Every structure is written in C-alpha cells, then in structure tokens.
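> Supplied structure: model_0.txt, compact mmCIF, C-alpha atoms.
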```txt
# COMPACT_ATOMS: atom_id res chain seq x y z
CA MET A 667 -30.47 3.51 24.78
CA ALA A 668 -30.25 4.96 21.27
CA SER A 669 -27.04 4.58 19.35
CA ILE A 670 -25.38 7.31 17.32
CA VAL A 671 -24.39 5.50 14.16
CA ALA A 672 -22.96 8.45 12.24
CA VAL A 673 -22.02 12.08 12.76
CA ILE A 674 -21.94 14.07 9.54
CA ALA A 675 -20.93 17.65 8.80
CA SER A 676 -20.99 19.39 5.46
CA THR A 677 -21.50 22.59 3.59
CA HIS A 678 -24.98 23.18 2.17
CA HIS A 679 -24.59 24.46 -1.35
CA PRO A 680 -28.06 25.32 -2.67
CA PHE A 681 -26.95 24.91 -6.31
CA TYR A 682 -26.07 21.22 -6.00
CA TYR A 683 -29.60 20.13 -6.85
CA LYS A 684 -29.71 22.26 -9.99
CA ALA A 685 -26.14 21.39 -11.05
CA SER A 686 -26.55 17.65 -10.52
CA THR A 687 -29.87 17.40 -12.37
CA ALA A 688 -28.90 19.66 -15.29
CA THR A 689 -28.31 18.06 -18.68
CA GLY A 690 -26.84 19.09 -22.02
CA GLU A 691 -25.66 22.67 -22.34
CA ASP A 692 -27.13 23.56 -18.96
CA ARG A 693 -24.87 21.12 -17.13
CA PRO A 694 -21.91 22.97 -15.56
CA PRO A 695 -18.42 21.52 -16.19
CA PHE A 696 -17.90 20.71 -12.49
CA ALA A 697 -21.19 18.80 -12.11
CA ASP A 698 -19.82 15.31 -12.78
CA GLU A 699 -17.01 15.55 -10.24
CA TRP A 700 -19.36 17.14 -7.71
CA THR A 701 -21.90 14.35 -8.18
CA ARG A 702 -19.23 11.66 -7.76
CA LYS A 703 -18.12 13.19 -4.47
CA ILE A 704 -21.68 13.47 -3.24
CA LEU A 705 -22.46 9.84 -4.10
CA ALA A 706 -19.40 8.73 -2.10
CA PHE A 707 -20.50 10.99 0.76
CA ARG A 708 -24.05 9.62 0.58
CA GLU A 709 -22.71 6.09 0.94
CA THR A 710 -21.20 7.01 4.33
CA LEU A 711 -24.70 7.64 5.68
CA THR A 712 -26.34 4.74 3.86
CA ARG A 713 -23.92 2.19 5.30
CA ALA A 714 -24.65 3.44 8.84
CA ASN A 715 -28.27 2.37 8.30
CA PRO A 716 -29.91 5.09 10.43
CA ASP A 717 -33.55 5.16 11.57
CA VAL A 718 -33.67 8.84 12.56
CA LEU A 719 -31.83 11.98 11.49
CA VAL A 720 -31.08 14.90 13.81
CA MET A 721 -30.54 17.78 11.39
CA VAL A 722 -28.64 20.91 12.46
CA GLY A 723 -28.94 23.96 10.25
CA SER A 724 -29.74 27.66 10.23
CA ASP A 725 -32.85 29.39 8.96
CA HIS A 726 -31.96 32.04 6.36
CA PHE A 727 -34.61 34.61 7.35
CA HIS A 728 -37.44 32.38 6.22
CA GLN A 729 -39.59 31.58 9.23
CA LEU A 730 -37.36 33.09 11.90
CA TRP A 731 -37.30 36.86 11.85
CA LEU A 732 -35.87 39.76 13.81
CA ASP A 733 -39.09 40.41 15.75
CA ASN A 734 -38.68 37.12 17.58
CA MET A 735 -35.26 35.59 16.98
CA PRO A 736 -34.21 32.46 18.85
CA GLN A 737 -30.52 31.55 19.23
CA PHE A 738 -31.15 27.79 19.29
CA LEU A 739 -34.47 26.22 18.33
CA VAL A 740 -35.67 22.62 18.17
CA GLY A 741 -38.56 21.59 15.94
CA LYS A 742 -41.19 19.35 17.49
CA ALA A 743 -43.81 18.46 14.92
CA PRO A 744 -45.12 15.36 13.13
CA PHE A 745 -44.21 16.86 9.73
CA TYR A 746 -42.05 19.60 8.29
CA ASP A 747 -42.81 21.25 5.00
CA ALA A 748 -39.63 22.37 3.36
CA ASN A 749 -38.12 24.96 1.05
CA TRP A 750 -39.49 28.39 0.33
CA TYR A 751 -40.59 30.45 -2.64
CA ASN A 752 -37.32 32.39 -2.85
CA GLU A 753 -35.30 29.14 -2.76
CA GLU A 754 -37.44 27.74 -5.57
CA ARG A 755 -36.93 31.02 -7.44
CA GLU A 756 -33.16 31.39 -6.99
CA PHE A 757 -31.93 27.80 -6.66
CA GLY A 758 -34.64 25.70 -8.27
CA LEU A 759 -35.12 23.70 -5.07
CA PRO A 760 -38.19 21.45 -4.92
CA ARG A 761 -40.90 21.63 -2.29
CA MET A 762 -40.55 18.73 0.16
CA LEU A 763 -42.38 17.18 3.10
CA LEU A 764 -40.40 15.43 5.83
CA LYS A 765 -41.64 13.38 8.74
CA GLY A 766 -40.79 14.40 12.29
CA GLN A 767 -39.62 12.24 15.19
CA GLU A 768 -41.53 13.89 18.02
CA ASP A 769 -40.35 11.60 20.81
CA LEU A 770 -36.75 12.54 20.16
CA SER A 771 -37.69 16.21 19.81
CA SER A 772 -39.35 16.09 23.23
CA HIS A 773 -36.37 14.32 24.73
CA ILE A 774 -33.88 16.83 23.31
CA LEU A 775 -35.96 19.78 24.49
CA ARG A 776 -36.44 18.45 28.03
CA ALA A 777 -32.87 17.29 28.48
CA GLY A 778 -31.42 20.35 26.75
CA LEU A 779 -33.28 22.67 29.10
CA ASP A 780 -32.07 20.63 32.06
CA GLU A 781 -28.49 20.78 30.74
CA GLY A 782 -28.49 24.57 30.67
CA PHE A 783 -29.59 25.43 27.12
CA ASP A 784 -32.80 27.46 27.11
CA LEU A 785 -33.91 26.01 23.79
CA ALA A 786 -36.75 27.59 21.86
CA PHE A 787 -39.18 25.24 20.15
CA SER A 788 -41.53 25.25 17.21
CA ASN A 789 -44.59 23.06 16.60
CA GLU A 790 -45.00 24.33 13.03
CA LEU A 791 -41.69 24.77 11.27
CA ARG A 792 -41.08 25.07 7.57
CA ILE A 793 -37.45 24.22 7.06
CA ASP A 794 -35.09 25.66 4.48
CA HIS A 795 -32.10 24.64 2.38
CA SER A 796 -29.71 24.42 5.34
CA ILE A 797 -31.55 21.18 6.16
CA THR A 798 -32.94 20.14 2.79
CA CYS A 799 -29.58 20.35 1.01
CA PRO A 800 -28.13 17.53 3.13
CA ILE A 801 -31.35 15.57 2.66
CA ILE A 802 -30.91 15.95 -1.10
CA THR A 803 -27.23 15.01 -1.00
CA LEU A 804 -27.31 12.29 1.68
CA ARG A 805 -30.82 10.84 1.68
CA PRO A 806 -32.71 11.96 -1.40
CA GLU A 807 -35.52 9.48 -0.66
CA ALA A 808 -36.34 11.83 2.25
CA ASP A 809 -37.89 8.84 3.99
CA LEU A 810 -36.42 9.09 7.49
CA PRO A 811 -38.03 11.07 10.32
CA ILE A 812 -36.04 14.08 11.46
CA VAL A 813 -35.52 16.41 14.38
CA PRO A 814 -34.51 19.84 13.03
CA ILE A 815 -32.32 22.05 15.20
CA TYR A 816 -31.76 25.63 14.11
CA THR A 817 -28.91 27.84 15.23
CA ASN A 818 -28.53 31.58 14.78
CA ILE A 819 -25.40 32.23 12.70
CA PHE A 820 -27.08 35.01 10.82
CA ALA A 821 -28.54 37.82 12.91
CA PRO A 822 -26.22 39.38 15.49
CA PRO A 823 -25.86 39.29 18.43
CA LEU A 824 -24.81 35.65 18.01
CA PRO A 825 -23.82 33.09 20.66
CA GLN A 826 -20.07 32.61 21.12
CA PRO A 827 -18.32 29.86 19.10
CA SER A 828 -17.61 27.95 22.29
CA ARG A 829 -21.35 27.82 22.93
CA PHE A 830 -21.88 26.06 19.60
CA VAL A 831 -19.25 23.48 20.57
CA LYS A 832 -20.87 22.99 23.97
CA LEU A 833 -24.30 22.55 22.38
CA GLY A 834 -22.85 19.90 20.08
CA GLU A 835 -21.34 18.04 23.01
CA THR A 836 -24.67 18.28 24.83
CA ILE A 837 -26.67 17.00 21.85
CA ARG A 838 -24.34 14.00 21.66
CA LYS A 839 -24.88 13.20 25.34
CA ILE A 840 -28.62 13.75 25.18
CA VAL A 841 -29.15 11.54 22.13
CA GLU A 842 -27.04 8.78 23.67
CA GLU A 843 -29.33 8.91 26.72
CA TRP A 844 -32.53 8.68 24.67
CA PRO A 845 -34.40 5.57 25.83
CA SER A 846 -34.92 4.04 22.41
CA ASP A 847 -33.51 1.24 20.31
CA LEU A 848 -33.34 3.45 17.25
CA ARG A 849 -30.21 4.25 15.29
CA VAL A 850 -29.59 7.98 15.08
CA ALA A 851 -27.41 9.93 12.68
CA ILE A 852 -26.62 13.53 13.57
CA VAL A 853 -26.14 15.68 10.48
CA GLY A 854 -25.21 19.36 10.49
CA THR A 855 -24.37 21.89 7.81
CA GLY A 856 -22.51 25.18 7.81
CA HIS A 857 -20.01 27.10 5.75
CA LEU A 858 -16.31 27.48 5.30
CA SER A 859 -15.25 30.99 4.23
CA LEU A 860 -18.15 32.67 2.49
CA GLU A 861 -19.09 36.15 1.33
CA LEU A 862 -22.69 37.05 0.48
CA GLY A 863 -23.71 40.52 -0.61
CA GLY A 864 -20.22 41.95 -0.16
CA PRO A 865 -17.24 42.84 -2.38
CA ARG A 866 -15.62 39.40 -2.21
CA GLN A 867 -18.63 37.38 -3.36
CA PHE A 868 -18.72 35.01 -6.35
CA GLY A 869 -14.97 34.88 -6.87
CA PRO A 870 -13.15 31.97 -8.55
CA HIS A 871 -12.70 30.30 -5.13
CA GLY A 872 -14.01 30.87 -1.63
CA PRO A 873 -13.02 34.28 -0.31
CA ASP A 874 -10.29 32.89 1.99
CA PRO A 875 -8.67 29.62 0.80
CA GLU A 876 -6.16 29.72 3.66
CA PHE A 877 -8.94 29.81 6.24
CA ASP A 878 -10.62 26.94 4.40
CA ARG A 879 -7.43 24.87 4.47
CA ARG A 880 -7.02 25.35 8.22
CA ALA A 881 -10.72 24.80 8.88
CA VAL A 882 -10.76 21.49 7.02
CA GLU A 883 -7.70 20.41 9.02
CA TRP A 884 -9.36 21.33 12.34
CA ILE A 885 -12.52 19.43 11.45
CA ALA A 886 -10.82 16.37 9.95
CA THR A 887 -8.56 15.91 12.98
CA GLY A 888 -11.04 17.01 15.65
CA ASP A 889 -8.68 19.81 16.64
CA LEU A 890 -11.08 21.74 18.83
CA ASP A 891 -8.25 23.28 20.87
CA ASN A 892 -6.78 25.24 17.98
CA CYS A 893 -10.15 25.89 16.41
CA VAL A 894 -11.65 27.40 19.56
CA ARG A 895 -8.46 29.36 20.25
CA GLU A 896 -8.37 30.95 16.80
CA VAL A 897 -12.04 31.45 16.02
CA THR A 898 -13.93 34.33 17.61
CA LEU A 899 -17.07 36.22 16.63
CA ASP A 900 -14.79 39.06 15.49
CA SER A 901 -12.25 36.90 13.65
CA LEU A 902 -14.95 35.28 11.50
CA HIS A 903 -15.58 38.56 9.67
CA SER A 904 -12.15 38.36 8.11
CA PRO A 905 -12.56 35.19 5.95
CA GLY A 906 -15.88 36.48 4.56
CA ASN A 907 -19.01 38.21 5.82
CA ALA A 908 -21.10 35.01 5.97
CA THR A 909 -18.39 32.86 7.58
CA HIS A 910 -20.19 32.77 10.94
CA GLY A 911 -21.88 29.72 9.46
CA PHE A 912 -18.62 27.96 10.31
CA MET A 913 -19.91 27.81 13.88
CA ASP A 914 -22.28 25.05 12.81
CA PHE A 915 -19.20 23.04 11.82
CA MET A 916 -17.85 23.76 15.30
CA LEU A 917 -21.12 22.47 16.75
CA MET A 918 -20.64 19.27 14.77
CA MET A 919 -17.05 18.99 16.02
CA GLY A 920 -18.60 19.09 19.49
CA VAL A 921 -20.93 16.24 18.52
CA ALA A 922 -18.04 14.20 17.11
CA GLY A 923 -15.90 14.91 20.17
CA ALA A 924 -12.53 16.53 20.77
CA GLY A 925 -9.75 14.64 19.02
CA ALA A 926 -12.11 12.55 16.92
CA LYS A 927 -10.62 12.03 13.48
CA ALA A 928 -13.18 11.95 10.70
CA ASP A 929 -13.56 8.63 8.88
CA HIS A 930 -14.47 10.34 5.62
CA VAL A 931 -13.05 13.69 4.49
CA ASP A 932 -13.55 15.25 1.10
CA THR A 933 -13.55 18.73 -0.38
CA LEU A 934 -14.35 20.38 -3.68
CA ASP A 935 -13.01 23.76 -4.68
CA LEU A 936 -15.83 25.57 -6.47
CA PHE A 937 -16.30 29.16 -7.56
CA HIS A 938 -17.59 31.28 -4.67
CA THR A 939 -17.01 28.64 -1.96
CA MET A 940 -15.24 25.44 -1.01
CA GLU A 941 -17.41 22.42 -0.40
CA ALA A 942 -16.43 20.09 2.46
CA TYR A 943 -17.79 16.73 3.61
CA PHE A 944 -17.01 14.86 6.83
CA THR A 945 -18.32 11.67 8.42
CA TRP A 946 -17.45 10.14 11.78
CA TYR A 947 -18.52 6.71 13.03
CA PRO A 948 -18.59 6.89 16.86
CA ASN A 949 -19.00 3.09 17.13
CA GLY A 950 -16.49 2.22 14.46
CA VAL A 951 -16.81 1.97 10.71
CA PRO A 952 -19.85 -0.14 9.78
CA ALA A 953 -19.08 -3.43 8.10
CA MET B 570 -31.08 54.77 11.89
CA SER B 571 -33.65 52.01 11.45
CA LYS B 572 -31.66 49.05 10.13
CA TYR B 573 -34.42 46.82 11.40
CA LEU B 574 -36.97 48.53 9.20
CA LEU B 575 -34.69 48.45 6.15
CA ASN B 576 -34.33 44.72 6.69
CA LYS B 577 -38.06 44.36 7.17
CA PHE B 578 -38.64 46.01 3.80
CA LEU B 579 -36.15 43.72 2.07
CA TYR B 580 -37.53 40.64 3.83
CA THR B 581 -41.21 41.25 3.17
CA VAL B 582 -40.75 42.30 -0.45
CA ASP B 583 -38.43 39.38 -1.21
CA ARG B 584 -40.92 36.77 -0.03
CA ASP B 585 -43.82 38.04 -2.18
CA PRO B 586 -43.53 37.55 -5.96
CA GLU B 587 -45.95 40.39 -6.70
CA LEU B 588 -44.02 42.85 -4.54
CA VAL B 589 -40.72 41.82 -6.16
CA GLU B 590 -42.16 42.81 -9.55
CA ARG B 591 -43.63 46.06 -8.25
CA TYR B 592 -40.31 47.00 -6.64
CA ARG B 593 -38.46 46.26 -9.86
CA SER B 594 -40.77 48.30 -12.06
CA THR B 595 -42.03 51.16 -9.85
CA PRO B 596 -39.68 51.51 -6.88
CA ARG B 597 -40.85 54.92 -5.65
CA GLU B 598 -44.50 53.93 -5.63
CA LEU B 599 -43.74 50.59 -3.98
CA VAL B 600 -41.53 52.06 -1.22
CA THR B 601 -44.06 54.81 -0.50
CA TRP B 602 -46.95 52.32 -0.35
CA TRP B 603 -44.94 49.92 1.80
CA GLU B 604 -43.91 52.51 4.36
CA ALA B 605 -47.45 53.87 4.64
CA SER B 606 -49.26 50.55 4.89
CA GLN B 607 -46.84 47.73 5.72
CA ALA B 608 -43.96 49.10 7.81
CA ASN B 609 -45.82 48.78 11.10
CA ALA B 610 -47.33 45.34 10.52
CA VAL B 611 -46.22 42.93 13.22
CA LEU B 612 -45.05 39.96 11.19
CA ASN B 613 -45.78 36.38 12.20
CA CYS B 614 -48.73 37.66 14.21
CA HIS B 615 -52.48 37.64 13.68
CA THR B 616 -53.85 40.68 11.89
CA GLY B 617 -55.60 43.50 13.64
CA GLU B 618 -52.63 44.62 15.74
CA ALA B 619 -49.78 46.84 14.57
CA SER B 620 -46.88 48.90 15.79
CA THR B 621 -47.13 52.68 15.67
CA TRP B 622 -43.58 54.03 15.59
CA LEU B 623 -41.63 52.54 12.69
CA ARG B 624 -40.43 54.96 10.01
CA LEU B 625 -37.57 54.99 7.51
CA THR B 626 -35.05 57.83 7.62
CA ASP B 627 -34.86 60.03 4.53
CA GLU B 628 -31.50 58.44 3.67
CA GLU B 629 -32.88 54.91 3.95
CA ARG B 630 -36.00 55.73 1.97
CA SER B 631 -34.01 57.22 -0.88
CA ALA B 632 -31.56 54.28 -0.95
CA LEU B 633 -34.52 51.92 -1.33
CA ILE B 634 -36.22 54.08 -3.96
CA ASP B 635 -32.96 54.30 -5.92
CA GLN B 636 -32.46 50.51 -5.61
CA ASP B 637 -28.93 51.38 -4.51
CA HIS B 638 -27.41 48.24 -3.00
CA VAL B 639 -24.11 50.05 -2.29
CA ARG B 640 -25.84 52.60 -0.05
CA LEU B 641 -27.89 49.86 1.59
CA PHE B 642 -24.64 48.03 2.39
CA ALA B 643 -23.19 51.25 3.87
CA LEU B 644 -26.32 51.72 5.98
CA GLY B 645 -25.91 48.25 7.52
CA ALA B 646 -28.81 46.50 5.81
CA HIS B 647 -28.36 42.74 6.08
CA PRO B 648 -26.31 41.81 2.98
CA PHE B 649 -28.04 38.46 2.53
CA LEU B 650 -31.46 40.11 2.33
CA THR B 651 -30.28 42.78 -0.09
CA LEU B 652 -28.48 40.28 -2.31
CA THR B 653 -31.38 37.83 -2.44
CA LEU B 654 -33.95 40.45 -3.38
CA PHE B 655 -31.70 42.19 -5.91
CA ILE B 656 -30.84 38.90 -7.60
CA ALA B 657 -34.57 38.26 -7.87
CA MET B 658 -35.06 41.59 -9.59
CA PHE B 659 -32.01 41.83 -11.82
CA GLU B 660 -30.42 38.43 -12.51
CA ARG B 661 -32.95 37.94 -15.29
CA ASP B 662 -31.12 40.63 -17.30
CA ASN B 663 -27.86 38.64 -17.31
CA THR B 664 -26.24 38.04 -20.67
CA GLU B 665 -23.82 35.53 -19.12
CA PRO B 666 -23.91 33.43 -15.93
CA LEU B 667 -23.24 35.35 -12.70
CA GLU B 668 -22.88 38.64 -14.58
CA TYR B 669 -25.13 40.55 -12.17
CA GLN B 670 -23.70 38.87 -9.07
CA LYS B 671 -20.12 39.76 -10.04
CA ALA B 672 -21.01 43.35 -10.94
CA TYR B 673 -22.86 43.65 -7.63
CA GLY B 674 -19.68 42.69 -5.77
CA ALA B 675 -17.47 44.92 -7.92
CA ARG B 676 -19.57 47.97 -7.04
CA LEU B 677 -18.75 47.29 -3.37
CA ALA B 678 -14.99 47.00 -3.98
CA HIS B 679 -14.20 50.21 -2.08
CA PHE B 680 -15.35 48.71 1.23
CA ASP B 681 -12.59 47.38 3.49
CA LEU B 682 -12.94 45.44 6.70
CA PRO B 683 -14.61 46.01 9.03
CA TYR B 684 -17.75 46.28 6.93
CA PRO B 685 -20.65 48.39 8.18
CA ASP B 686 -22.21 46.89 11.29
CA ILE B 687 -25.34 44.83 10.54
CA ALA B 688 -26.42 44.30 14.16
CA THR B 689 -29.98 45.42 14.73
```
Translate this file's structure into structure tokens.


Amino acid sequence: MASIVAVIASTHHPFYYKASTATGEDRPPFADEWTRKILAFRETLTRANPDVLVMVGSDHFHQLWLDNMPQFLVGKAPFYDANWYNEEREFGLPRMLLKGQEDLSSHILRAGLDEGFDLAFSNELRIDHSITCPIITLRPEADLPIVPIYTNIFAPPLPQPSRFVKLGETIRKIVEEWPSDLRVAIVGTGHLSLELGGPRQFGPHGPDPEFDRRAVEWIATGDLDNCVREVTLDSLHSPGNATHGFMDFMLMMGVAGAGAKADHVDTLDLFHTMEAYFTWYPNGVPA
Amino acid sequence: MSKYLLNKFLYTVDRDPELVERYRSTPRELVTWWEASQANAVLNCHTGEASTWLRLTDEERSALIDQDHVRLFALGAHPFLTLTLFIAMFERDNTEPLEYQKAYGARLAHFDLPYPDIAT
C-alpha cells in the first residue's frame, strides 16, 4: 500500500513569487524573512522524499463557474496547465505545466464515491494559484506528478465545515489504501482571516488577529473538537469575508487526524493576512 | 435581482484583456454591448446555443456603467470578482503601493456585518 510521508497545510499567498524574486528597490522589506521561512518549510517536504503530491485547493472563478459549480472535484488528467491570465496580470505568476498521476486520481474518485462523497471530476483542468503557490513554495522544480482536488469555499451555498473535515479523513484513508509502493504527500492550502473586496481589506495585519491566533493553535495541536465547535458557515463571516477558505485548513486537519500535533509550525504576520505553515509526519519525522 | 448576471459580467470581462480596456475607457458602450450580445451566452459550452432570459435590472446596469464598486457590493456582487476586475482597471493609476486597494476598502467603510448576501 502507499505510504503518506507528509501532510502539509499552508496559506497560499499569490504575492510570494513576486516578493521573493524581486531585487533592488522592488524588493519589499519583508521578503528576506518570508523567503527564509519558506525555505525552512520547503525542507519539510524535501526530507519526506515524496513521489506524488495530492494537492487540495480552491478554484478562484477560473475554470469553475456558477453555471456548473461542483462542491468537491478531483482532477484526472495526464497533465495540468496552470495559472491564468488574471493571475499573471495581478500577481506576476508564471505559466506552468504539471504532470498528473492518473492512477491515484482514479483510485480517489472510485473510493471517494464508495465512501459517500459524490465527487465531480475533470479530465481537462487548468489549475490556479491555490495549487501553484504551494508548488512554488514547496517544490519549485514542479517535477512531481499531482492529483488536484478542488473544494468550493467561494460560491455559496457551501458544504458545512464538518464535511471538509470528513473529506480530509476520507482522503487519508483512501490514499493509505492505494495499492502502490509510492510515497504520497498530501498538501492543502487555505486562508486564515481574510477580507477581499470589503471594508477590512489590505490592513496592516489580517482582519482578525485573534481568530488567526486561535486558528493556528487549533491546527498546530490538532484540536478538531474546539475548531469544529466554534467554526460555522455563519461564524466565518466575522473574521473576514473570504475566511471560508479556512475550511481547507480544516480539511487538512482531517487528513492529519484529530489530536495530531504538527511537526513544523511557522507563521508570518504580513499586511492584509497572516501566513501560516504546518507539516505533519504520520510515520514519524524522517531521518 | 440578477446577482448571477452581475457576476457573469465581472467574470467574463475580467478574463479578457481587450474587454478590461474597453470597460475602463468606455463603460456605457461596453455594458450595453455586453448585455445585448454576451449576457445570454452559456459559458463553458460549445457555441450555437444560448439562454434567452437573462437581463440586468436598471439598478445593476447603472452600477456597472458608473463603475461603482460600492453599489456593486451593496447589490451582492461577488466581492472577489469586483475587486479583481477593478484592480485590473485602476491599480495602474497608483502613485504609491496599494493606494487603490486601500481607497477601495475605505469607500466601503460604512458597511457593517452582515455584509450583503452574495449567494446566487
């Protein structure tokens, strides 16, 4: 059976690429510290030596649109083109091409359907920065095959937070049952408190530092009980109007497992949002 | 109210560089053209089929023509779509970093929670 060699959850800040590659006067004052933290975070994946990456993210109205909106979708394709014109325009993100791992996609789709998740699928999926940002931060060579999984945190009505946790737990089980010798890392990105297009956007910190503090504590300690008790679809409006992206962190807590303490925890307080990075090693810390 | 159609306008204009420029420079002409010829296109579908019933309300049409992101927010347009398109049109006029983005938020300061419902 396949082994899950790392579980990784992080924010996906689209400006990291631009900030980390900027030089001279264009380089923002926080770029050096940010880059140091990302290099340490990258090492947590590198040392796990994965063969395949399962990548959980959320399409930002790129390919998935309101005329045909899936709640949970699994890509099954030999390749995935990546990043879109408006991400190139606003964030300076490069166009990318990633390989797919179709056997694992098929396995996740079949087993997910049998486990009670009516997963949508796509045989031609162009992925966006929710998946390419962690490729850029964690595996910039972009050389490993992936299975993209999209969640709807964006276009209400949304699934309940508990459903995200359950999907994470199910993905963990399904991948562990994959008849393969390959080493799989499961990587997912979301948000802490975040406001986009509302009055609290682009402040000196994230819109709700207290929510961020509690959220980081829940994730770092695997405290699903308190997290699920406090977080509802309604409550997530309060920390910021784009904070429903936190449900992808909850999905990753489901993958890591209740009570699982993260082996790597780091944060970075930036304008507009707090960055957060977590890695778990289900089979122990690699030597 | 046709929040879906407002979002469809923002989405389809944002993803096309030529339409972004036309909306920036001639908003009335662009909105009028879009509603007449594009509003009923079924996206992500082969051409030759279309819907027949989609139409902006007068309030929505005028908010788009006026490029009024505060009224679009009040009408329940998806804030991510509005922000992305408006940054594409107006960030270029910044005289300092994030100037437009901060002013955009400040103009919404009178909104308290709960914000207008964005469900479509």

> Rounded to one decimal, what separation in Å do you get between atom CA of Glu590 of chain B and atom CA of Pro666 of chain B?

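Spanning atom CA of Glu590 of chain B to atom CA of Pro666 of chain B is a straight-line distance of 21.5 Å.
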
> With a distance threshold of 12 Å and counting all atoms listed in the file, extract the residues of chain A near chain B and express them as a PyMOL selection string.

chain A and resi 692+694+726-735+750-757+820-824+860-870+900-908+937-938

> Could you tell me how far atom CA of Ala786 of chain A lies from atom CA of Leu711 of chain A, in Å and to one decimal?

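Rounded to one decimal, the two atoms are 28.4 Å apart.
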
> One decimal, Å: what's the distance from atom CA of Ala886 of chain A over to atom CA of Thr803 of chain A, could you say?

19.8 Å

> Counting all atoms listed in the file, which of B:Arg591, B:Arg640, B:Arg624, B:Lys572 gets nearest to Glu604 of chain B?

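Answer, going by the shortest atom-to-atom distance: B:Arg624.
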
> Considering only C-alpha atoms, can you say which of A:Ile797, A:Ala748, A:Leu770, A:Ile704 comes closest to Thr933 of chain A?

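Closest candidate: A:Ile704.
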
> Measuring atom to atom with all atoms listed in the file, identify which of A:Gly920, A:Leu936, A:Ile674, A:Phe707 is nearest to Pro695 of chain A.

A:Leu936

> For each of B:Ser571, B:Asn609, B:Asn663, B:Thr601, take the minimum atom-to-atom distance to Glu629 of chain B, counting all atoms listed in the file, then give the residue where this is smallest.

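Counting all atoms listed in the file, the residue closest to Glu629 of chain B is B:Ser571.
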